[in-house]
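Enquirer: Let me begin by handing over the structure; questions about it come next.
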Amino acid sequence: MIKFLILLPIISMLMIPQAHGQVSPEEAPPPPRDGFYERRAIHERGPIELPYIREADVLWSLRVWQRIDLRERMNQVLYFPENPSGDYKSLMQVLKEAILAGEIRAYGVDDDSFQGEPLDPETVFENLAEQLTFTVEGEEVTQMIPFSTTDVYIFRIKEEWFIDKRRGQLDVRIIGISPAMLFRDEQTGELTNIQEPLFWIPFEEARPILAGAPIYNVHNSSQLMSFDDIFIRRFFNATIYREDRPDNRVISEYIEDPIERLLEAERIKERIRNMELDLWHY
């Protein structure tokens with residue numbers, strides 16, 4: 001009995017470190033921080049606040065559709081990284097995750113006015129899978145290639161330029177955004193200029209998501225920017241491919257020459273810029 005009383009404190013002391021050494025999953029330490037300070041600003045701020053516009057304030061307006069080519073150097077910030085890296089994701093990755101989570105709605109490729117029923121978020125990307133059929137040892141084999149965000153090289157935007165007579169200036173509002181893939185040449189495998197639009201997204205609905213998604217700032221890593229900053233501040237290059245007109249035709253439908261199409265797009269841009277200059281001519 002005396003030996004047991006002597007050994008009991010010793011056994012208890014040996015068991016105490018083991019009890020303290022076990023950490024429950026709820027008490028597991030957070031992962032190491034990627035940096036020397038915690039970045040919260042980009043996740044806490046909302047979309048850039050825009051001036052309120054009344055119908056009576058719009059003196060003139062023109063609706064245009066533009067095409068953003070992510071292969072251009074200025075637009076590559078919307079394409080990379082190809083795979084998520086920490087908080088950084090490509091624009092298509094951000095939109096895809098938001099659609100699957102039900103945070104934003106996607107509409108059909110011909111519904112840029114958002115009047116129809118939104119697409120089912122559970123099947124919208126399943127329907128974009130590519131079916132490949134090839135022969136293996138004399139037997140045909142079919143394989144489904146799932147949709148990849150890296151296949152999106154084009155973004156189309158629908159926007160409206162207007163003159164706000166209350167502020168006396170030319171302004172613009174993006175209405176919708178649409179990703180598009182490019183077809184590849186079956187012989188060479190190279191990308192062609194033939195586009196396959198996927199769906200339309202209401203830009204105003206997507207802005208809270210875009211405002212919380214950081215992008216690389218190559219000029220200053222401490223000053224993070226968001227996709228909302230890119231679009232609102234117009235840090236991208238785009239080409240007009242359609243303007244609002246009675247027959248709803250795109251430029252390529254009434255101008256065949258590619259050079260003339262670019263010149264027509266520049267003429268439309270010039271006409272928009274001249275409207276602001278004409279505002280101050282008496």
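Following the order of the structure tokens, chains are lettered A, B, ..., residues in each are numbered from 1, and ligands are numbered from 1.
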Quick one: everything within 12 Å of range 249-262 of chain A, counting only C-alpha atoms, minus sequence neighbours fewer than 4 positions away in the same chain. Send it as a compact mmCIF listing (two decimals) with C-alpha atoms, in the first residue's frame.

Expert:
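Full text of part-v3.txt as output:
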```txt
# COMPACT_ATOMS: atom_id res chain seq x y z
CA VAL A 64 -21.61 49.59 -77.25
CA TRP A 65 -20.19 46.09 -76.93
CA GLN A 66 -16.43 45.65 -76.56
CA ARG A 67 -14.07 42.70 -76.69
CA ASN A 193 -10.27 34.05 -83.92
CA ALA A 238 -10.77 46.67 -75.52
CA THR A 239 -12.05 46.84 -79.09
CA ILE A 240 -15.60 47.76 -80.03
CA TYR A 241 -17.30 45.05 -82.08
CA ARG A 242 -20.87 46.34 -81.98
CA GLU A 243 -22.83 49.52 -81.32
CA ASP A 244 -26.51 50.03 -80.67
CA ARG A 245 -28.26 50.24 -84.04
CA GLU A 266 -11.90 53.55 -83.70
CA ARG A 267 -14.41 55.85 -85.44
CA ILE A 268 -17.05 54.87 -82.90
CA LYS A 269 -14.63 55.58 -80.05
```

Enquirer: Write out as a PyMOL selection string the set of residues from range 102-269 of chain A that DSSP, computed on the backbone, places in strand (DSSP E).

Expert: chain A and resi 130-136+139-145+152-164+169-184+191-197+201-202+214-215+225-226+239-243

Enquirer: CA of Ile177 in chain A and CA of Gln223 in chain A are how many Å apart?

Expert: 25.9 Å

Enquirer: Pick the closest to Leu170 in chain A from A:His219, A:Arg105, A:Arg273, A:Lys158: which is it, counting only C-alpha atoms?

Expert: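 Among the listed residues, the smallest separation from Leu170 in chain A belongs to A:Arg273.
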
Enquirer: Using only C-alpha atoms, which protein or nucleic acid residues come within 12 Å of Val58 in chain A? Drop anything in the same chain fewer than 3 positions from it, and give the result as a ChimeraX atom specification.

Expert: /A:52-55,61-62,160-172

Enquirer: Expressed in Å to a single decimal, how great is the separation between CA of Asp111 in chain A and CA of Ala265 in chain A?

Expert: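 Computed distance, CA of Asp111 in chain A to CA of Ala265 in chain A, equals 23.1 Å.
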